[in-house]
Amino acid sequence: MEKILDFSLPDKEFVALLDQVIQVLNTSQNGDEQKAAQAILTQFLETPDGWTRCDKILDDPGASSFAKFYGLQVLGEMVKYRWRTLPRETCESIRDYIVGKVISISSDEATLHKEQVYVQKLNVVLVQIVKQEWPNNWRNFTAEIVGASRTSTSQCENNLRILALLSEEVFQFSSGQMTQEKTVHLKNQFNDEFSQVFELCQFVFSQSASLSESKPSLLISTLQTLEKFLVWIPLGYIFETELIETLTSYLSVAALRNPSLKCLVEIGSLAVGGLYDNRFSTLYMLFISQLSNIVPVTTDIASAYEEADDDTQAFVMDLALFFSGFFKGHLQILESGDADHIAGMKVA
């Protein structure tokens with residue numbers, strides 16, 4: 001097994017031997033063999049030049065999925081900890097290679113579905129590279145990923161997942177992973193370029209009538225991506241557009257109900273002062289109107305919840321989050337004396 005640490009080993013032989021070591025780790029009934037296999041894989045992972053063989057693993061049609069996952073793990077560790085030690089041309093070559101891999105898989109609907117775990121791991125590595133390269137060395141990243149998203153529905157769906165991952169990395173999980181200066185820089189850059197991403201979301205929403213039948217997963221991915229953005233995007237994108245109307249309308253579509261509700265939970269919980277009180281009122285009234293068609297006022301929600309499927313239970317839980325978040329921050333709007341608002345509350 002130690003031979004995988006020999007960099008003079010021919011590529012084909014290396015990949016085949018790597019697969020054997022991984023198979024021992026995953027399937028051997030001998031604890032000592034498993035420990036030895038794990039030790040070798042860890043040693044390879046920590047080898048400074050181990051990443052140079054990752055493309056041989058990923059490009060080998062005979063390599064197992066587990067070998068490819070391991071190759072991406074090795075590459076990801078290098079990007080995190082040694083990226084800035086590499087020559088600029090090497091960084092660009094690795095970046096272009098991973099982008100090419102993502103595009104080649106996500107451009108085909110059947111391949112994307114078949115290789116969904118693999119492409120998810122590719123996406124993670126790509127986001128790690130973006131965090132290192134953007135914006136200084138990859139100034140057109142946003143324009144490129146948004147532009148590529150218009151070439152096919154499958155590529156658009158995957159690109160939206162990449163943007164959601166990037167948003168999470170920058171705005172939710174950056175603590176302890178990036179310097180404060182780097183985090184602020186990326187947040188500002190994302191804010192400055194968000195109009196392009198929002199236009200992509202709007203482009204998808206504009207085709208919802210056809211996509212609801214032909215490609216509902218793209219609408220779901222768009223909503224899931226938007227949910228990640230709502231905690232930080234400029235408020236104008238939420239309250240000075242038709243986004244609230246779009247999201248509430250999706251409550252009537254079963255496949256879109258849960259992801260759209262999650263977006264509305266985020267919006268309803270926003271504390272923004274009194275500037276957008278009229279839009280919060282609109283949100284509440286549209287929401288109640290849709291909800292009355294989904295859940296009749298005579299429904300015993302507690303009993304229905306116990307008998308419901310997972311999706312319906314998730315909807316009820318998010319429904320509770322919406323009302324608790326909305327009432328906590330905006331109950332005074334509904335108590336302002338407007339009869340329509342009070343009627344709406346009674347329906348709830």
# chains A, B, ... in the order shown; residues from 1 in each chain; ligands from 1

$ closest_atom_pairs --of "segment 139-162 of chain A" --to "segment 82-105 of chain A" --cutoff "12 Å" --atoms "only C-alpha atoms" --output "JSON lines"
{"residue": "A:Phe141", "atom": "CA", "partner": "A:Val99", "partner_atom": "CA", "distance": 11.0}
{"residue": "A:Glu144", "atom": "CA", "partner": "A:Val99", "partner_atom": "CA", "distance": 10.8}
{"residue": "A:Ile145", "atom": "CA", "partner": "A:Val99", "partner_atom": "CA", "distance": 10.0}
{"residue": "A:Ala148", "atom": "CA", "partner": "A:Ile103", "partner_atom": "CA", "distance": 8.9}
{"residue": "A:Ser149", "atom": "CA", "partner": "A:Ile103", "partner_atom": "CA", "distance": 10.2}
{"residue": "A:Thr151", "atom": "CA", "partner": "A:Ile103", "partner_atom": "CA", "distance": 10.7}
{"residue": "A:Ser152", "atom": "CA", "partner": "A:Ile103", "partner_atom": "CA", "distance": 10.5}
{"residue": "A:Ser154", "atom": "CA", "partner": "A:Ile105", "partner_atom": "CA", "distance": 9.4}
{"residue": "A:Gln155", "atom": "CA", "partner": "A:Ile103", "partner_atom": "CA", "distance": 7.1}
{"residue": "A:Cys156", "atom": "CA", "partner": "A:Ile103", "partner_atom": "CA", "distance": 10.3}
{"residue": "A:Glu157", "atom": "CA", "partner": "A:Ile103", "partner_atom": "CA", "distance": 11.6}
{"residue": "A:Asn158", "atom": "CA", "partner": "A:Val102", "partner_atom": "CA", "distance": 8.7}
{"residue": "A:Asn159", "atom": "CA", "partner": "A:Val102", "partner_atom": "CA", "distance": 9.2}
{"residue": "A:Arg161", "atom": "CA", "partner": "A:Val102", "partner_atom": "CA", "distance": 11.8}
{"residue": "A:Ile162", "atom": "CA", "partner": "A:Val102", "partner_atom": "CA", "distance": 10.2}

$ residues_around --residues "Phe44 of chain A" --least-positions-apart "5" --cutoff "8 Å" --atoms "only C-alpha atoms" --output "ChimeraX atom specification"
/A:4-5,50

$ write_last_selection --atoms "C-alpha atoms" --output "short mmCIF file (atom, residue, chain, number, x, y, z; two decimals), in the first residue's frame"
data_model
loop_
_atom_site.label_atom_id
_atom_site.label_comp_id
_atom_site.auth_asym_id
_atom_site.auth_seq_id
_atom_site.Cartn_x
_atom_site.Cartn_y
_atom_site.Cartn_z
CA ILE A 4 1.04 5.13 -3.58
CA LEU A 5 3.56 7.46 -1.93
CA GLY A 50 0.08 14.90 -3.39
#

$ residues_around --residues "segment 242-259 of chain A" --least-positions-apart "5" --cutoff "8 Å" --atoms "only C-alpha atoms" --output "mmCIF file with N, CA, C and O atoms, in the first residue's frame"
data_model
loop_
_atom_site.group_PDB
_atom_site.id
_atom_site.type_symbol
_atom_site.label_atom_id
_atom_site.label_comp_id
_atom_site.auth_asym_id
_atom_site.auth_seq_id
_atom_site.Cartn_x
_atom_site.Cartn_y
_atom_site.Cartn_z
ATOM 1 N N PHE A 205 -37.481 32.864 -12.550
ATOM 2 C CA PHE A 205 -38.861 33.048 -12.099
ATOM 3 C C PHE A 205 -39.784 33.445 -13.255
ATOM 4 O O PHE A 205 -40.960 33.078 -13.271
ATOM 5 N N PRO A 216 -39.052 21.548 -12.568
ATOM 6 C CA PRO A 216 -39.337 22.154 -11.261
ATOM 7 C C PRO A 216 -38.104 22.215 -10.366
ATOM 8 O O PRO A 216 -38.005 23.094 -9.508
ATOM 9 N N LEU A 219 -36.458 25.635 -10.423
ATOM 10 C CA LEU A 219 -37.159 26.620 -9.588
ATOM 11 C C LEU A 219 -36.854 26.392 -8.109
ATOM 12 O O LEU A 219 -36.626 27.343 -7.357
ATOM 13 N N ILE A 220 -36.822 25.133 -7.705
ATOM 14 C CA ILE A 220 -36.524 24.814 -6.299
ATOM 15 C C ILE A 220 -35.105 25.257 -5.955
ATOM 16 O O ILE A 220 -34.871 25.875 -4.903
ATOM 17 N N LEU A 223 -34.995 29.016 -5.544
ATOM 18 C CA LEU A 223 -35.560 29.430 -4.261
ATOM 19 C C LEU A 223 -34.612 29.109 -3.105
ATOM 20 O O LEU A 223 -34.438 29.912 -2.187
ATOM 21 N N GLN A 224 -33.995 27.944 -3.147
ATOM 22 C CA GLN A 224 -33.054 27.564 -2.089
ATOM 23 C C GLN A 224 -31.837 28.479 -2.082
ATOM 24 O O GLN A 224 -31.305 28.818 -1.023
ATOM 25 N N TYR A 237 -33.859 44.951 -3.074
ATOM 26 C CA TYR A 237 -34.155 43.778 -3.900
ATOM 27 C C TYR A 237 -35.374 43.027 -3.375
ATOM 28 O O TYR A 237 -36.055 42.335 -4.137
ATOM 29 N N LEU A 264 -39.875 33.217 2.682
ATOM 30 C CA LEU A 264 -40.792 34.153 3.344
ATOM 31 C C LEU A 264 -40.534 34.220 4.845
ATOM 32 O O LEU A 264 -40.731 35.263 5.467
ATOM 33 N N LEU A 283 -47.114 41.712 2.344
ATOM 34 C CA LEU A 283 -46.640 40.344 2.540
ATOM 35 C C LEU A 283 -47.625 39.550 3.378
ATOM 36 O O LEU A 283 -48.000 38.424 3.014
ATOM 37 N N LEU A 286 -51.062 38.908 1.475
ATOM 38 C CA LEU A 286 -50.908 37.929 0.401
ATOM 39 C C LEU A 286 -50.674 36.530 0.968
ATOM 40 O O LEU A 286 -51.199 35.541 0.455
ATOM 41 N N PHE A 287 -49.906 36.474 2.033
ATOM 42 C CA PHE A 287 -49.610 35.195 2.668
ATOM 43 C C PHE A 287 -50.883 34.564 3.225
ATOM 44 O O PHE A 287 -51.152 33.373 3.009
ATOM 45 N N GLN A 290 -53.147 33.200 0.456
ATOM 46 C CA GLN A 290 -52.708 31.908 -0.068
ATOM 47 C C GLN A 290 -52.908 30.794 0.961
ATOM 48 O O GLN A 290 -53.328 29.685 0.620
ATOM 49 N N LEU A 291 -52.615 31.098 2.215
ATOM 50 C CA LEU A 291 -52.699 30.084 3.259
ATOM 51 C C LEU A 291 -54.130 29.588 3.436
ATOM 52 O O LEU A 291 -54.364 28.395 3.679
ATOM 53 N N ASN A 293 -56.243 29.082 1.262
ATOM 54 C CA ASN A 293 -56.551 28.106 0.212
ATOM 55 C C ASN A 293 -55.855 26.767 0.457
ATOM 56 O O ASN A 293 -56.283 25.738 -0.054
ATOM 57 N N ILE A 294 -54.776 26.814 1.226
ATOM 58 C CA ILE A 294 -53.991 25.604 1.483
ATOM 59 C C ILE A 294 -54.480 24.896 2.746
ATOM 60 O O ILE A 294 -54.644 23.668 2.768
ATOM 61 N N ASP A 311 -42.860 16.314 4.181
ATOM 62 C CA ASP A 311 -42.938 17.639 3.549
ATOM 63 C C ASP A 311 -43.995 18.500 4.217
ATOM 64 O O ASP A 311 -43.777 19.696 4.453
ATOM 65 N N ALA A 314 -42.798 19.617 7.600
ATOM 66 C CA ALA A 314 -41.819 20.695 7.446
ATOM 67 C C ALA A 314 -42.525 22.013 7.144
ATOM 68 O O ALA A 314 -42.131 23.072 7.652
ATOM 69 N N PHE A 315 -43.591 21.952 6.339
ATOM 70 C CA PHE A 315 -44.359 23.160 6.023
ATOM 71 C C PHE A 315 -44.986 23.746 7.290
ATOM 72 O O PHE A 315 -44.936 24.957 7.516
#

$ closest_residue --among "A:Val272, A:Ala39, A:Leu45, A:Asp60" --to "Asp19 of chain A" --atoms "only C-alpha atoms"
A:Asp60

$ select_by_dssp --residues "segment 149-286 of chain A" --states "alpha helix (DSSP H)" --output "ChimeraX atom specification"
/A:153-171,180-205,208-214,216-229,236-239,243-249,254-268,277-286

$ residues_around --residues "Cys54 of chain A" --least-positions-apart "5" --cutoff "9 Å" --atoms "only C-alpha atoms" --output "list in words"
Asp59, Lys68, Tyr70, Gly71, Leu72, Val74 and Leu75 of chain A

$ write_last_selection --atoms "all heavy atoms" --output "short mmCIF file (atom, residue, chain, number, x, y, z; two decimals), in the first residue's frame"
data_model
loop_
_atom_site.label_atom_id
_atom_site.label_comp_id
_atom_site.auth_asym_id
_atom_site.auth_seq_id
_atom_site.Cartn_x
_atom_site.Cartn_y
_atom_site.Cartn_z
N ASP A 59 -9.39 12.12 -13.98
CA ASP A 59 -9.49 11.88 -15.42
C ASP A 59 -9.50 10.40 -15.80
O ASP A 59 -9.75 10.05 -16.95
CB ASP A 59 -8.32 12.57 -16.15
CG ASP A 59 -8.42 14.08 -16.13
OD1 ASP A 59 -9.54 14.58 -15.92
OD2 ASP A 59 -7.39 14.74 -16.31
N LYS A 68 -12.21 9.18 -6.64
CA LYS A 68 -12.40 10.56 -7.09
C LYS A 68 -12.75 11.47 -5.92
O LYS A 68 -12.27 12.61 -5.84
CB LYS A 68 -13.49 10.61 -8.16
CG LYS A 68 -13.07 9.95 -9.47
CD LYS A 68 -14.15 10.04 -10.53
CE LYS A 68 -13.68 9.40 -11.84
NZ LYS A 68 -14.70 9.49 -12.90
N TYR A 70 -11.79 11.06 -2.90
CA TYR A 70 -10.53 11.25 -2.17
C TYR A 70 -9.64 12.25 -2.89
O TYR A 70 -9.02 13.12 -2.26
CB TYR A 70 -9.81 9.91 -2.01
CG TYR A 70 -8.46 10.03 -1.34
CD1 TYR A 70 -8.36 10.26 0.03
CD2 TYR A 70 -7.29 9.93 -2.09
CE1 TYR A 70 -7.11 10.38 0.63
CE2 TYR A 70 -6.05 10.05 -1.49
CZ TYR A 70 -5.97 10.28 -0.13
OH TYR A 70 -4.73 10.40 0.47
N GLY A 71 -9.57 12.15 -4.21
CA GLY A 71 -8.77 13.10 -4.98
C GLY A 71 -9.23 14.54 -4.76
O GLY A 71 -8.41 15.45 -4.62
N LEU A 72 -10.53 14.73 -4.72
CA LEU A 72 -11.06 16.08 -4.47
C LEU A 72 -10.78 16.54 -3.04
O LEU A 72 -10.56 17.73 -2.79
CB LEU A 72 -12.56 16.11 -4.75
CG LEU A 72 -12.95 16.02 -6.23
CD1 LEU A 72 -14.46 15.89 -6.38
CD2 LEU A 72 -12.45 17.24 -6.99
N VAL A 74 -8.06 15.74 -1.34
CA VAL A 74 -6.65 16.15 -1.38
C VAL A 74 -6.51 17.52 -2.02
O VAL A 74 -5.81 18.41 -1.50
CB VAL A 74 -5.80 15.10 -2.15
CG1 VAL A 74 -4.38 15.61 -2.35
CG2 VAL A 74 -5.80 13.76 -1.41
N LEU A 75 -7.21 17.72 -3.13
CA LEU A 75 -7.13 19.01 -3.83
C LEU A 75 -7.72 20.13 -2.98
O LEU A 75 -7.16 21.24 -2.92
CB LEU A 75 -7.87 18.91 -5.16
CG LEU A 75 -7.73 20.11 -6.11
CD1 LEU A 75 -6.27 20.35 -6.46
CD2 LEU A 75 -8.55 19.87 -7.38
#

$ atom_distance --atom1 "atom CA of Gly147 of chain A" --atom2 "atom CA of Thr222 of chain A"
15.4 Å

$ atom_distance --atom1 "atom CA of Ser206 of chain A" --atom2 "atom CA of Glu115 of chain A"
28.6 Å

$ closest_residue --among "A:Leu25, A:Val117, A:Val316, A:Leu186" --to "Pro135 of chain A" --atoms "only C-alpha atoms"
A:Leu186

$ closest_residue --among "A:Met1, A:Val204, A:Trp138, A:Thr42" --to "Val24 of chain A" --atoms "only C-alpha atoms"
A:Met1
